[in-house]
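**Q** Pasting protein_4.txt below, which is compact mmCIF, C-alpha atoms.
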```txt
# COMPACT_ATOMS: atom_id res chain seq x y z
CA MET A 1 110.11 -12.52 71.22
CA SER A 2 108.51 -9.30 72.20
CA GLU A 3 110.12 -7.54 69.21
CA GLN A 4 108.45 -9.85 66.58
CA LYS A 5 104.89 -9.47 67.84
CA PRO A 6 104.28 -6.06 66.29
CA GLU A 7 105.46 -7.32 62.92
CA LEU A 8 103.14 -10.26 63.15
CA SER A 9 100.30 -7.95 64.01
CA ARG A 10 101.03 -5.76 61.00
CA VAL A 11 101.18 -8.82 58.77
CA ARG A 12 97.92 -10.05 60.10
CA ARG A 13 96.31 -6.66 59.68
CA LYS A 14 97.65 -6.47 56.17
CA ARG A 15 96.30 -9.88 55.34
CA GLN A 16 92.97 -9.00 56.83
CA ASN A 17 92.92 -5.77 54.84
CA ASN A 18 93.75 -7.68 51.68
CA LYS A 19 90.96 -10.12 52.36
CA GLY A 20 88.56 -7.24 52.99
CA ASN A 21 89.63 -5.55 49.77
CA LYS A 22 89.19 -8.76 47.85
CA MET A 23 85.70 -9.21 49.30
CA LEU A 24 84.84 -5.64 48.45
CA ASN A 25 86.15 -6.06 44.94
CA TRP A 26 84.12 -9.22 44.48
CA MET A 27 81.02 -7.52 45.74
CA ILE A 28 81.61 -4.59 43.43
CA ALA A 29 82.16 -6.99 40.53
CA ILE A 30 78.97 -8.84 41.36
CA VAL A 31 77.02 -5.61 41.58
CA VAL A 32 78.43 -4.44 38.24
CA LEU A 33 77.63 -7.80 36.69
CA LEU A 34 74.07 -7.61 37.99
CA ILE A 35 73.73 -4.10 36.61
CA VAL A 36 75.01 -5.28 33.26
CA LEU A 37 72.63 -8.23 33.20
CA VAL A 38 69.68 -6.06 34.13
CA GLY A 39 70.63 -3.55 31.47
CA VAL A 40 70.96 -6.25 28.86
CA LYS A 41 67.59 -7.68 29.83
CA ILE A 42 65.95 -4.28 29.63
CA LEU A 43 67.52 -3.58 26.26
CA SER A 44 66.53 -6.99 24.96
CA SER A 45 62.96 -6.59 26.19
CA ASP A 46 62.74 -3.13 24.63
CA SER A 47 63.84 -4.55 21.31
CA THR A 48 61.04 -7.19 21.16
CA PRO A 49 58.31 -6.73 18.44
CA GLU A 50 55.63 -6.24 21.06
CA ASN A 51 57.51 -3.40 22.71
CA LYS A 52 58.31 -1.91 19.35
CA GLU A 53 54.62 -1.93 18.50
CA ALA A 54 53.90 -0.47 21.91
CA ALA A 55 56.56 2.18 21.29
CA ILE A 56 54.94 3.31 18.01
CA THR A 57 51.43 3.12 19.40
CA GLU A 58 49.68 6.42 19.41
CA THR A 59 46.80 7.01 21.73
CA THR A 60 44.02 9.28 20.75
CA PRO A 61 40.83 9.77 22.69
CA ASP A 62 37.59 8.79 21.02
CA ASP A 63 35.40 11.85 20.91
CA GLU A 64 32.24 9.98 21.77
CA THR A 65 33.36 7.30 24.23
CA GLY A 66 36.66 8.69 25.54
CA SER A 67 38.28 5.29 24.85
CA ILE A 68 41.81 4.93 23.57
CA VAL A 69 42.30 4.19 19.89
CA SER A 70 45.71 2.93 18.76
CA SER A 71 47.29 3.38 15.38
CA ASP A 72 46.48 -0.27 14.70
CA ASP A 73 42.86 0.48 15.44
CA GLU A 74 43.03 3.42 13.06
CA THR A 75 44.43 1.15 10.37
CA GLU A 76 41.66 -1.33 11.02
CA ALA A 77 39.14 1.50 10.96
CA GLU A 78 40.51 2.61 7.60
CA ASN A 79 40.20 -0.94 6.32
CA ASN A 80 36.68 -1.12 7.68
CA SER A 81 35.97 2.23 6.08
CA GLY A 82 37.16 0.84 2.78
CA SER A 83 34.92 -2.17 3.29
CA SER A 84 32.06 0.15 4.17
CA ASP A 85 32.65 2.14 0.99
CA GLN A 86 32.59 -1.09 -1.00
CA ALA A 87 29.45 -2.14 0.85
CA ASP A 88 27.90 1.26 0.10
CA ASP A 89 28.77 0.84 -3.57
CA SER A 90 27.25 -2.62 -3.47
CA GLU A 91 24.17 -1.22 -1.76
CA ASP A 92 23.97 1.48 -4.41
CA ASP A 93 24.05 -1.22 -7.07
CA ASP A 94 21.40 -3.14 -5.18
CA SER A 95 19.39 0.05 -4.85
CA SER A 96 19.63 0.53 -8.58
CA LYS A 97 18.44 -3.01 -9.08
CA GLU A 98 15.71 -2.50 -6.53
CA GLY A 99 14.79 0.67 -8.33
CA THR A 100 14.36 -1.36 -11.47
CA VAL A 101 12.24 -3.85 -9.60
CA SER A 102 10.34 -0.98 -8.08
CA ASP A 103 9.70 0.38 -11.55
CA GLU A 104 8.41 -3.00 -12.62
CA SER A 105 6.28 -3.03 -9.51
CA GLY A 106 5.07 0.40 -10.48
CA ASP A 107 4.13 -1.01 -13.87
CA SER A 108 2.25 -3.75 -12.08
CA GLU A 109 0.51 -1.18 -9.95
CA ASP A 110 -0.35 0.80 -13.06
CA SER A 111 -1.67 -2.39 -14.58
CA GLY A 112 -3.65 -2.99 -11.40
CA ASP A 113 -5.00 0.55 -11.60
CA SER A 114 -6.00 -0.07 -15.19
CA SER A 115 -7.77 -3.24 -14.17
CA GLN A 116 -9.46 -1.37 -11.36
CA LYS A 117 -10.58 1.29 -13.81
CA LYS A 118 -11.92 -1.41 -16.08
CA GLU A 119 -13.76 -2.93 -13.14
CA ASP A 120 -15.12 0.48 -12.18
CA LYS A 121 -16.18 0.95 -15.73
CA LYS A 122 -17.77 -2.48 -15.68
CA GLU A 123 -19.63 -1.65 -12.48
CA GLY A 124 -20.85 1.49 -14.20
CA THR A 125 -23.29 4.04 -12.89
CA VAL A 126 -26.63 3.00 -11.47
CA THR A 127 -29.37 5.60 -11.72
CA TYR A 128 -32.65 5.50 -9.78
CA THR A 129 -35.46 7.63 -11.13
CA ALA A 130 -38.88 8.20 -9.61
CA SER A 131 -41.74 7.15 -11.85
CA GLU A 132 -45.19 8.60 -12.45
CA ASP A 133 -46.48 5.13 -13.21
CA ALA A 134 -48.72 4.04 -10.33
CA VAL A 135 -47.38 0.46 -10.34
CA VAL A 136 -43.71 1.52 -10.40
CA ASP A 137 -41.76 2.61 -7.34
CA GLU A 138 -38.68 3.65 -9.27
CA THR A 139 -36.87 3.08 -12.55
CA VAL A 140 -33.32 1.74 -12.57
CA SER A 141 -30.69 2.06 -15.29
CA ASN A 142 -27.15 0.71 -15.13
CA THR A 143 -24.43 1.68 -17.59
CA SER A 144 -22.55 -1.54 -16.87
CA TRP A 145 -25.26 -3.77 -18.28
CA GLU A 146 -23.96 -5.73 -21.24
CA PRO A 147 -25.40 -8.28 -23.66
CA VAL A 148 -25.60 -11.72 -22.05
CA GLY A 149 -24.21 -13.50 -25.10
CA THR A 150 -25.90 -15.74 -27.63
CA SER A 151 -25.48 -19.02 -29.43
CA GLN A 152 -27.70 -17.80 -32.26
CA SER A 153 -26.28 -16.95 -35.67
CA GLY A 154 -27.59 -15.39 -38.86
CA ASN A 155 -30.57 -13.07 -38.94
CA HIS A 156 -32.10 -12.82 -35.50
CA VAL A 157 -35.77 -13.59 -35.06
CA SER A 158 -37.31 -12.85 -31.67
CA GLN A 159 -39.45 -15.73 -30.41
CA TYR A 160 -41.98 -16.05 -27.59
CA ASP A 161 -42.72 -19.76 -27.69
CA GLY A 162 -41.48 -20.53 -24.17
CA LYS A 163 -38.93 -23.14 -25.32
CA SER A 164 -36.64 -21.75 -28.02
CA ILE A 165 -33.03 -20.68 -27.54
CA ASP A 166 -34.07 -17.08 -28.03
CA TRP A 167 -36.68 -17.41 -25.28
CA LYS A 168 -34.17 -18.92 -22.87
CA GLU A 169 -31.69 -16.17 -23.64
CA LYS A 170 -34.39 -13.62 -22.83
CA GLN A 171 -34.86 -15.30 -19.43
CA LYS A 172 -31.12 -15.19 -18.87
CA ALA A 173 -31.03 -11.46 -19.62
CA LEU A 174 -34.00 -10.78 -17.30
CA ALA A 175 -32.32 -12.62 -14.41
CA TYR A 176 -29.05 -10.79 -15.12
CA ALA A 177 -30.73 -7.40 -14.77
CA THR A 178 -32.36 -8.26 -11.44
CA GLY A 179 -29.18 -9.75 -9.97
CA MET A 180 -31.00 -12.99 -9.19
CA SER A 181 -30.70 -16.45 -10.68
CA GLU A 182 -33.30 -17.88 -13.06
CA ASN A 183 -34.26 -20.48 -10.45
CA GLU A 184 -35.13 -17.71 -8.00
CA LEU A 185 -37.55 -16.01 -10.38
CA ILE A 186 -41.09 -16.41 -11.62
CA PHE A 187 -41.38 -15.32 -15.26
CA TRP A 188 -44.88 -13.91 -15.38
CA LYS A 189 -44.71 -12.68 -18.92
CA ILE A 190 -42.24 -11.96 -21.74
CA LYS A 191 -43.61 -9.92 -24.59
CA ASN A 192 -42.65 -7.80 -27.57
CA GLY A 193 -41.18 -4.43 -26.57
CA GLY A 194 -42.51 -2.44 -29.51
CA SER A 195 -40.13 -3.68 -32.23
CA PRO A 196 -38.75 -7.04 -33.49
CA GLN A 197 -35.50 -6.53 -31.54
CA LYS A 198 -36.98 -5.37 -28.23
CA SER A 199 -38.71 -7.27 -25.45
CA ILE A 200 -40.25 -6.66 -22.02
CA GLY A 201 -40.31 -9.19 -19.20
CA ILE A 202 -42.36 -9.21 -15.98
CA VAL A 203 -40.67 -11.21 -13.23
CA SER A 204 -40.69 -11.59 -9.46
CA SER A 205 -39.00 -13.53 -6.70
CA LYS A 206 -40.65 -16.79 -5.67
CA ASP A 207 -42.21 -15.11 -2.61
CA LYS A 208 -43.26 -12.11 -4.75
CA SER A 209 -41.51 -9.68 -2.41
CA LYS A 210 -39.43 -8.43 -5.33
CA LYS A 211 -41.14 -7.51 -8.56
CA TYR A 212 -39.59 -6.12 -11.73
CA ARG A 213 -40.38 -5.09 -15.28
CA VAL A 214 -37.26 -5.35 -17.42
CA TYR A 215 -36.71 -3.86 -20.87
CA LEU A 216 -34.42 -5.77 -23.26
CA GLU A 217 -32.78 -4.90 -26.55
CA TRP A 218 -31.12 -7.26 -29.01
CA VAL A 219 -27.48 -6.65 -29.98
CA ASP A 220 -26.40 -8.53 -33.13
CA GLY A 221 -23.87 -11.24 -32.40
CA GLU A 222 -23.92 -10.47 -28.65
CA GLY A 223 -27.41 -11.30 -27.44
CA TRP A 224 -30.05 -9.60 -25.32
CA LYS A 225 -29.06 -6.59 -23.25
CA PRO A 226 -31.07 -4.99 -20.39
CA THR A 227 -31.64 -1.27 -20.95
CA GLN A 228 -34.07 -0.37 -18.13
CA MET A 229 -35.73 -1.97 -15.11
CA ASP A 230 -38.84 -0.84 -13.24
CA VAL A 231 -39.16 -1.77 -9.58
CA LEU A 232 -42.83 -2.72 -9.25
CA ASN A 233 -44.99 -2.36 -6.18
CA THR A 234 -47.65 -4.78 -7.46
CA LEU A 235 -48.28 -7.49 -9.99
CA ASP A 236 -51.95 -6.58 -10.20
CA PHE A 237 -51.96 -4.68 -13.48
CA ASP A 238 -52.47 -5.34 -17.15
CA TYR A 239 -49.25 -6.69 -18.63
```
What would the structure in this file look like if it were written as structure tokens?
**A**
Amino acid sequence: MSEQKPELSRVRRKRQNNKGNKMLNWMIAIVVLLIVLVGVKILSSDSTPENKEAAITETTPDDETGSIVSSDDETEAENNSGSSDQADDSEDDDSSKEGTVSDESGDSEDSGDSSQKKEDKKEGTVTYTASEDAVVDETVSNTSWEPVGTSQSGNHVSQYDGKSIDWKEKQKALAYATGMSENELIFWKIKNGGSPQKSIGIVSSKDKSKKYRVYLEWVDGEGWKPTQMDVLNTLDFDY
């Protein structure tokens, strides 16, 4: 019995060693398998579109902000640049159109200037001249004065009857020269001005604070036109 014990011990040790080797081999196999799985996973993740895009992404610093601009951003920037160029072209076209409108506006302004010139011409030049006449403070002339119009036709005959159309048109011309309405005036006298086509009218405001002597001249087809106006300081004179 004592002679078999060492053999049994060797067998047991051998079996134990075999079991230990098997366990070690399994562990090695598991580790290798894990390494393979991890490698496959890494390779598969590297091959995904996102990683591919990440792999080809170039980073460039933005000069102004220091931010990172990818190649995709550059592509988008180029697209935006193309859009901007198109927008600029569109704006240029709009500018051309606006220029046309502006030219039309300029024509309108020129037209406005012409109208203004006409108005200035219509306003004319008013001249005040001192008079040596004792009853006259000053004499006024206005280049803008025009004939007041007439409803008369044919050969003109000046009338002083106080009721005719010609008489009423004389009153209208006198009021026009003074800048007052006929209802605001007293017509003291309207008389012949030295020829058949000239008249003189003496008028004043209702309160007599304003007093005038107006010289009229007939214009064929257009009516009576003021030519001169004396600003009077009194009505107490022979008229």
**Q** Set the distance at 9 Å and use all atoms listed in the file: which residues neighbour Lys189 of chain A once local chain neighbours fewer than 5 positions away are removed? I'd like the list as a PyMOL selection string.
**A** chain A and resi 200-203+239
**Q** Compute the distance from (-46.0, -6.1, -17.0) to each atom, counting only C-alpha atoms, keep the residues with any atom at most 10 Å away, and return them as a list of chain:residue names; use the coordinates of the file.
**A**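 The residues near that point, listed by chain and number, are A:Val135, A:Trp188, A:Lys189, A:Ile190, A:Lys191, A:Ile200, A:Gly201, A:Ile202, A:Val203, A:Lys211, A:Tyr212, A:Arg213, A:Val214, A:Asp230, A:Leu232, A:Thr234, A:Leu235, A:Asp236, A:Phe237, A:Asp238, A:Tyr239.
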**Q** To one decimal in Å, tell me the separation between atom CA of Ala134 of chain A and atom CA of Met180 of chain A.
**A**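 Separation between atom CA of Ala134 of chain A and atom CA of Met180 of chain A: 24.6 Å.
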**Q** Expressed in Å to a single decimal, how great is the separation between atom CA of Gly20 of chain A and atom CA of Val38 of chain A?
**A**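 Separation between atom CA of Gly20 of chain A and atom CA of Val38 of chain A: 26.7 Å.
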**Q** Take atom CA of Trp224 of chain A and atom CA of Ser205 of chain A and report the distance between them in Å, one decimal.
**A**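 These two atoms are separated by 21.0 Å.
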**Q** Between A:Glu146, A:Asp207, A:Glu222, A:Glu138, which residue has the minimum interatomic distance to Leu174 of chain A, considering all atoms listed in the file?
**A** A:Glu146
**Q** For the point (-32.8, -20.2, -24.5) in file coordinates, what residues are within 12 Å, counting all atoms listed in the file? Give the answer as a short mmCIF file (atom, residue, chain, number, x, y, z; two decimals) with C-alpha atoms, keeping the file's coordinate frame?
**A**
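Okay, this is what ended up in result.cif:
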```cif
data_model
loop_
_atom_site.label_atom_id
_atom_site.label_comp_id
_atom_site.auth_asym_id
_atom_site.auth_seq_id
_atom_site.Cartn_x
_atom_site.Cartn_y
_atom_site.Cartn_z
CA VAL A 148 -25.60 -11.72 -22.05
CA GLY A 149 -24.21 -13.50 -25.10
CA THR A 150 -25.90 -15.74 -27.63
CA SER A 151 -25.48 -19.02 -29.43
CA GLN A 152 -27.70 -17.80 -32.26
CA SER A 158 -37.31 -12.85 -31.67
CA GLN A 159 -39.45 -15.73 -30.41
CA TYR A 160 -41.98 -16.05 -27.59
CA ASP A 161 -42.72 -19.76 -27.69
CA GLY A 162 -41.48 -20.53 -24.17
CA LYS A 163 -38.93 -23.14 -25.32
CA SER A 164 -36.64 -21.75 -28.02
CA ILE A 165 -33.03 -20.68 -27.54
CA ASP A 166 -34.07 -17.08 -28.03
CA TRP A 167 -36.68 -17.41 -25.28
CA LYS A 168 -34.17 -18.92 -22.87
CA GLU A 169 -31.69 -16.17 -23.64
CA LYS A 170 -34.39 -13.62 -22.83
CA GLN A 171 -34.86 -15.30 -19.43
CA LYS A 172 -31.12 -15.19 -18.87
CA ALA A 173 -31.03 -11.46 -19.62
CA LEU A 174 -34.00 -10.78 -17.30
CA GLU A 182 -33.30 -17.88 -13.06
CA GLY A 223 -27.41 -11.30 -27.44
CA TRP A 224 -30.05 -9.60 -25.32
#
```
**Q** Could you pull the residues within 6 Å of Lys225 of chain A, counting all atoms listed in the file, minus those fewer than 4 positions along the same chain, as a PyMOL selection string?
**A** chain A and resi 146-147+216-217
